[in-house]
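Here's the structure we're looking at; comments come further down.
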Amino acid sequence: MEASDDVDDEADPLNPPQSPFDKNDDDDEHKHDASVSPPIDNDQHNANQVAHQEEEEEDIDNISDQTANDNDGHYDEGWLSNPRRLCFICCACIVFSVMTLVVLLQFYSDEYKAWTSYTIGSDGIFLTSPTDVNRSFDIITLNNGLDVLLISDKSTDKSAAAIDIGIGSSSDPLQFLGLAHFHEHMLFLGSKTYASLDSFSSYVSMNGGRDNAYTESEHTNFFFQVDNQHLEHSLDIFSRFFIDPLLTKKSMKDEIWAVDNEYRKDLPSQTWRDWRMLEFSANPQHTFHKFTVGSIQSLTKHGNDAVYNEMLRFHNKWVKSNLMKLVIYGKDDLRTLRKWAADKFSAIPANDSLTSTPVHHQPAAALSTPYRSGVETGQIYYIETIAKQKQVTYIWGLSGALHLHAQYRSPVMSFINNRLLQSATNHSLYNVLKVQLLYITSMDCDTFYNEADWTGTSISFELTDRGEQHLDEISFYLFKYLRLLLETAAHNHALAQQYNLYFAEDACIDTLFFNYYSLIKKDSYSVVSALAKRMQYRDSTDLLYPALNVAPQRLALNVSLMVQVLRFMAQPRHVIMHYTNDKFKSTKFNELEPFFKIRFRRTKISAELLHRWSNIDAVNGKDGTLPLMIPPLNPYILQRKTNACDLQHVELIDLKKMAAHHQRPHDSSSYELPMKIVNEASINIWYKPDTKFASPRININLLYVSPLIYDRAIHALYAEIWLQLINFYSSDWYSQVAMASYAFELSLNHQGIVFSITGLGHSYLSPLLQTFIAEYVTNVQKYIARDADKATGVLNIILISLQRTYKNLNYDHVWTQGYFAMYDIVKVPHFDRHLMLQLVTQLLASKSSSTEILQKVMRHVDDVLQTGFVLEGFFHGNLYRKQAMEIVATVKASNLAIRQSLQAQSTLQQHLFKMQHLQLAMKIPDTATTSRKFVYQGWNSNEKDTNDVVQVWYQFESNSFSQQNYVETCKVLLLARMMKSESFQVLRTQESLGYVATTFSKSSVGATNNINYLVVMVASGYKSAHYLHERVKHFVDEHYYRKVLLKLRQSPRTFELYINGTVNDLKKRDLTLAQETSLIWDEIIGHTYFFAWKPRFIEILQALTLEDMIRFYEQKVIGKQAKWISIQLFHQKTKKDDKKLLQLTAMNAKPKTHPIIAKKSDDNDILYFNDTKDLQKLGYAQYFHVY
């Protein structure tokens, strides 16, 4: 959470969602991995190896001396017949051969001098999953003390590397807060060997890769990935960051601005504000209290020369090889990777006075928890919020004396948080507060900090209106539950045994997935980044598999340690409370956090409350409150009689058996594409067995198409309420199945309801699906009738939660608001967030009672169920066709009725809906002109956000699916790659417009009917959207065209590299079953069914020439055929300060001829408007074509 440049893909403006080329893996890395503990002890191993080498050399010397002595004397004619002499001759030959071999090895490489090697794999140092048997591993230590993990993988599509420096923002000088983050930025700006400021990023981007870095309290982490054949040169450029970086004063100013823009980007983020208050609540003398992102204010208050000199001192002191860990992952063999590591990284300077592990370099007083008992703890903070939220967070700082960080093989915090606290079973804390009392809508447990000196953990509740009136009672139940967990573990031997069974359940799941788990489940550069960080504190045997913590064989439950943690947390005097509520009035606050300008008030928790929360009889429950119980054992994991793992029966499908059944060859290529196994008028089902991933999972997606779900906005809202009711009443059941790695998720789209289902075996999956549909999806009325009063309360909570959700969309990053605006303009059909918010607000303010509203919702649900559905689905993974058909039969027999009456009348395709986009080519009424250029102007809806954004979306023709002509899609994809690095270098680095400056493509083969967009985006906290638009257009129309694209004629090799990088991205294998499922489902749910699009794209790309791209750019990007819309959002201070801002009065002015036009520019072809529904309000069929 600290000054990190690496943003989650879903929110990352550099990696926008909905691209078929950048899918996220469902299996995320742990965000709060432990990070500082002594690494492997190399000293003894080094001593043994040196001693062994000296013994060998001494033996060779003895043999040589003996040979010389024996040959001293006169020549003997019968020397060949003398056995003794013959023996001497043979010995001499052997010695000579050995010495020659040693010399040759020395000549071939100086490997034995460059590193000490720890062979890994064959000797069992690493426990590797069976799926990783084809990967080779090694750890070496270079002669400068740098530890290197090498991974050779012959099957990889991309190579990667990462360096973690065991120093971070905790070492920022107090006079230069943010210095470590600023230093991280500076290292990217060239080296004496590669002097170009963007030499590394440009080279990596050009060759199919990406790079990034982040700074944390004790870590600065740099990482990249690239096409395999370019790994060596990329490593060479990368290594120079740490050997001879330029670090010039000339580039310093731009990077300080970049850091400040990043800070301004984070200012309006509620997540960052919450994090900053965690820091600010700490002991002011503790390193955790520091402001870590950095800003112009925090870095330059002593002048530019001072911060520059301090940055150089920081670099010279801390960027040392013995504080670093390096990971290299590539297709080349280990010998080659070793040589590259030694050749390129041995020159990184060392400092023997520094220890080889990350340490705090502050006084000893700073090494304790930052939340001192009775000083920082025992307080409640009332904090100003930007977002619409009511949230209370309980925070504990656990001392490093517990060694939680070092004892990662016993993940106590993860066990307490995930297995015990967040259980949703009956009479759990979550169940009592949410289902029984209706005090909360959600609960989250988080280990937000875990280093050698201390561990930070928190529990957050999102409150209902009822819950905010009972904060004392929520706190009481929390400490009652913690005390129950403690008493059970410490004193009740019989119940404590159940904790061991919980752990056995977790181990059962972990073992199953470890047996089928691949190390590289995400982009390789994120994996190597995590591994480099783990090297700083883990034993070498436990480096692999970040998502599994450690190999399951090495996990152990430390009940004693768990008791110590629970005993600390169960004492209210150790807690800090953060309470944010959008209803707080400004007069409530009397203090100000200086960097994020967060207003707050803090008070001591009263002694009376602390006493009440402390004196709890959690076991007997004689306090008049609702009973709490520890979770029951899961019915789907362990066998009831033996407690043995019940998931060991999971077997992978057999290709030979499947081939015999399908009458196909038994090679995996026979199942490369999905097959349709049900083709009826009302049902289409596609099926694809897993032949690539050796995964035990089954993924099922079902689209239930109904004409009544999305025909009106109010019906879409009713459907959403229905799904929320299902989620609420199924929470106990769902908690159990989710723990056993089954998932049943419901969502809406413009066609109907989407079921996303995953599980481990069809024998369990089929009855679970039957239960889910029969008991909850189609029978939620039963629960409503059982307790009508509670049902109305549940409805009110759902409506308020939806209202908050829609409102909070207005507090997202400004570029995300830009995406929303664009979708609101062009998508058809589409109910935008403003309309949905209006409907929810109307229901809450309605004179109708909650009972009447609930009755309307359920009447509409009955109409939907009685009308029936048409169904399209996809079955994928570890199941045979026969098993898939058995689940289909279960689906057909369920209460979600299939519209059988369609079979004799029509085809399924006639009842499917495609999302359409407006074509940006409007025929102006009463004129002969057609406008292809549009400007939408609106406000950044977050009043606290001072950022403006411009997104220029270039729209291209829709593809003809009948001819499968995707040439334009490929041109857009290639052009985005070609422009991305240059737009960053020019708009972000040279012109310093803002932290976010990028170019990307938006095209989908599936759900959006393959509408193609090229997007150039800049967000800035300093420049207005007017100015940003001018600079973006200048970049596109002038700079890139004249100074880059046309000049590629002089460098055809560069263009070839762009082609190869794009092709290699398309050739890249899907890393998980989930990724392949997503790509195929995009084709099905979008009703395009072009599953072989990747080979077609590759064929097109390889045929493209530079002249093709120049003509395309001249005609479709800067020429008369260009169609674009500029989304411009201004921060709200502009309303008062910017006289030049266009007055947004389009709909009020009501011009006679074309009412959407707010103002016509000097360029007669550009139309301005300010309501995202202006274009559609006109009746798009009259003025627009629809793709």
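Residue numbering restarts at 1 for every chain of the structure tokens, chains are lettered A, B, ... in their displayed order, and ligands are numbered from 1 as they appear.
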
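Once Leu557 of chain A and its same-chain neighbours fewer than 6 positions away are set aside, Ser410, Pro411, Val412, Asn500 and Phe503 of chain A remain within 8 Å of it when counting only C-alpha atoms.
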
Worksheet entry | strand (DSSP E or B) residues, from DSSP on the backbone, in segment 738-847 of chain A, as a PyMOL selection string | chain A and resi 743-749+752-759+827-828

Response to the item:
The distance between atom CA of Leu197 of chain A and atom CA of Ala258 of chain A is 14.2 Å

Would you please give, as a PDB file with C-alpha atoms, in the first residue's frame, all residues of segment 541-630 of chain A that DSSP assigns to alpha helix (DSSP H) based on the backbone?
ATOM      1  CA  VAL A 559      -1.671 -23.196  18.836  1.00  0.00           C
ATOM      2  CA  SER A 560       0.538 -21.578  21.447  1.00  0.00           C
ATOM      3  CA  LEU A 561       1.362 -18.697  19.112  1.00  0.00           C
ATOM      4  CA  MET A 562      -2.312 -18.372  18.162  1.00  0.00           C
ATOM      5  CA  VAL A 563      -3.236 -18.112  21.847  1.00  0.00           C
ATOM      6  CA  GLN A 564      -0.700 -15.305  22.333  1.00  0.00           C
ATOM      7  CA  VAL A 565      -2.144 -13.369  19.397  1.00  0.00           C
ATOM      8  CA  LEU A 566      -5.763 -13.859  20.504  1.00  0.00           C
ATOM      9  CA  ARG A 567      -4.903 -12.934  24.095  1.00  0.00           C
ATOM     10  CA  PHE A 568      -3.462  -9.630  22.865  1.00  0.00           C
ATOM     11  CA  MET A 569      -6.347  -8.862  20.485  1.00  0.00           C
ATOM     12  CA  ALA A 607     -13.028   3.536  30.810  1.00  0.00           C
ATOM     13  CA  GLU A 608     -16.613   2.337  31.168  1.00  0.00           C
ATOM     14  CA  LEU A 609     -16.658   0.929  27.615  1.00  0.00           C
ATOM     15  CA  LEU A 610     -13.210  -0.634  27.945  1.00  0.00           C
ATOM     16  CA  HIS A 611     -14.381  -2.310  31.151  1.00  0.00           C
ATOM     17  CA  ARG A 612     -17.580  -3.612  29.523  1.00  0.00           C
ATOM     18  CA  TRP A 613     -15.727  -4.972  26.488  1.00  0.00           C
ATOM     19  CA  SER A 614     -13.111  -6.603  28.734  1.00  0.00           C
TER      20      SER A 614
END

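Around Thr193 of chain A, within 9 Å and counting only C-alpha atoms, the residues found are Ile237, Arg240, Asp244 and Pro245 of chain A, once anything fewer than 6 positions away on its own chain is removed.
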
Who sits within 10 Å of segment 1053-1069 of chain A, only C-alpha atoms, same chain under 6 positions skipped, as an mmCIF file with C-alpha atoms, in the first residue's frame:
data_model
loop_
_atom_site.group_PDB
_atom_site.id
_atom_site.type_symbol
_atom_site.label_atom_id
_atom_site.label_comp_id
_atom_site.auth_asym_id
_atom_site.auth_seq_id
_atom_site.Cartn_x
_atom_site.Cartn_y
_atom_site.Cartn_z
ATOM 1 C CA PRO A 20 -8.929 -9.883 -24.572
ATOM 2 C CA PHE A 21 -5.169 -9.509 -24.518
ATOM 3 C CA ASP A 22 -4.745 -8.714 -20.808
ATOM 4 C CA SER A 155 7.908 -23.896 -22.118
ATOM 5 C CA THR A 156 7.691 -20.226 -21.164
ATOM 6 C CA ASP A 157 6.487 -17.605 -23.641
ATOM 7 C CA LYS A 158 7.986 -14.691 -21.715
ATOM 8 C CA TYR A 203 13.332 -1.675 -25.439
ATOM 9 C CA VAL A 204 11.147 -3.852 -23.231
ATOM 10 C CA SER A 205 7.903 -2.450 -24.624
ATOM 11 C CA MET A 206 9.097 -2.829 -28.203
ATOM 12 C CA ASN A 207 9.912 -6.481 -27.550
ATOM 13 C CA GLY A 208 6.650 -7.711 -26.111
ATOM 14 C CA GLY A 209 7.242 -6.736 -22.493
ATOM 15 C CA VAL A 226 10.131 -9.474 -22.217
ATOM 16 C CA ASP A 227 10.117 -11.846 -25.177
ATOM 17 C CA ASN A 228 12.516 -14.734 -24.581
ATOM 18 C CA LYS A 692 -3.492 -28.055 -21.217
ATOM 19 C CA CYS A 970 -4.878 -5.844 -35.679
ATOM 20 C CA LEU A 973 -3.626 -3.348 -31.554
ATOM 21 C CA LEU A 974 -0.246 -2.826 -33.195
ATOM 22 C CA LEU A 975 -0.557 0.950 -33.219
ATOM 23 C CA ARG A 977 1.907 -0.903 -28.813
ATOM 24 C CA MET A 978 3.906 1.406 -31.076
ATOM 25 C CA LEU A 1045 6.010 6.991 -37.552
ATOM 26 C CA GLN A 1075 -7.862 -17.421 -18.341
ATOM 27 C CA GLU A 1076 -8.854 -19.781 -21.143
ATOM 28 C CA TRP A 1093 -9.107 -15.564 -33.499
ATOM 29 C CA LYS A 1094 -5.509 -15.636 -32.230
ATOM 30 C CA PRO A 1095 -4.052 -17.568 -35.232
ATOM 31 C CA PHE A 1097 -4.650 -12.186 -35.865
ATOM 32 C CA ILE A 1098 -1.099 -13.523 -36.086
ATOM 33 C CA GLU A 1099 -1.537 -14.192 -39.787
ATOM 34 C CA ILE A 1100 -2.790 -10.646 -40.367
ATOM 35 C CA LEU A 1101 -0.056 -9.010 -38.283
ATOM 36 C CA GLN A 1102 2.729 -10.877 -40.042
ATOM 37 C CA ALA A 1103 1.423 -9.623 -43.378
ATOM 38 C CA LEU A 1104 1.260 -5.955 -42.320
ATOM 39 C CA THR A 1105 3.866 -3.534 -43.643
ATOM 40 C CA LEU A 1106 5.007 -0.161 -42.380
#

Item to complete: Take atom CA of Leu592 of chain A and atom CA of Gly994 of chain A and report the distance between them in Å, one decimal.
Response: 26.6 Å

Item to complete: Write out as a list in words which residues come within 9 Å of Glu310 of chain A when counting only C-alpha atoms, dropping same-chain ones fewer than 5 positions away.
Response: Pro173, Phe176, Leu179, Asp305 and His315 of chain A

Just the selected residues (C-alpha atoms), exported as a compact mmCIF listing (two decimals), in the first residue's frame, please.
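out37.txt was written with the following content:
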# COMPACT_ATOMS: atom_id res chain seq x y z
CA PRO A 173 15.30 11.13 6.24
CA PHE A 176 13.04 14.45 2.80
CA LEU A 179 13.02 10.11 -0.87
CA ASP A 305 20.25 21.02 -4.37
CA HIS A 315 21.84 5.74 -3.38

Worksheet item: Contacts of Asp1037 of chain A at 7 Å or less, counting only C-alpha atoms, minus same-chain residues fewer than 4 places along, as a VMD selection string?
Response: chain A and resid 1033 1041 1118

Practice prompt. Name the residues in contact with segment 1119-1127 of chain A at a cut-off of 10 Å, using only C-alpha atoms, excluding same-chain residues fewer than 3 positions from it; report them as a ChimeraX atom specification.
Written response: /A:815,817-819,821-822,919-921,931-938,949-957,1013-1017,1025,1029,1032-1033,1037,1111-1116,1166-1168,1170
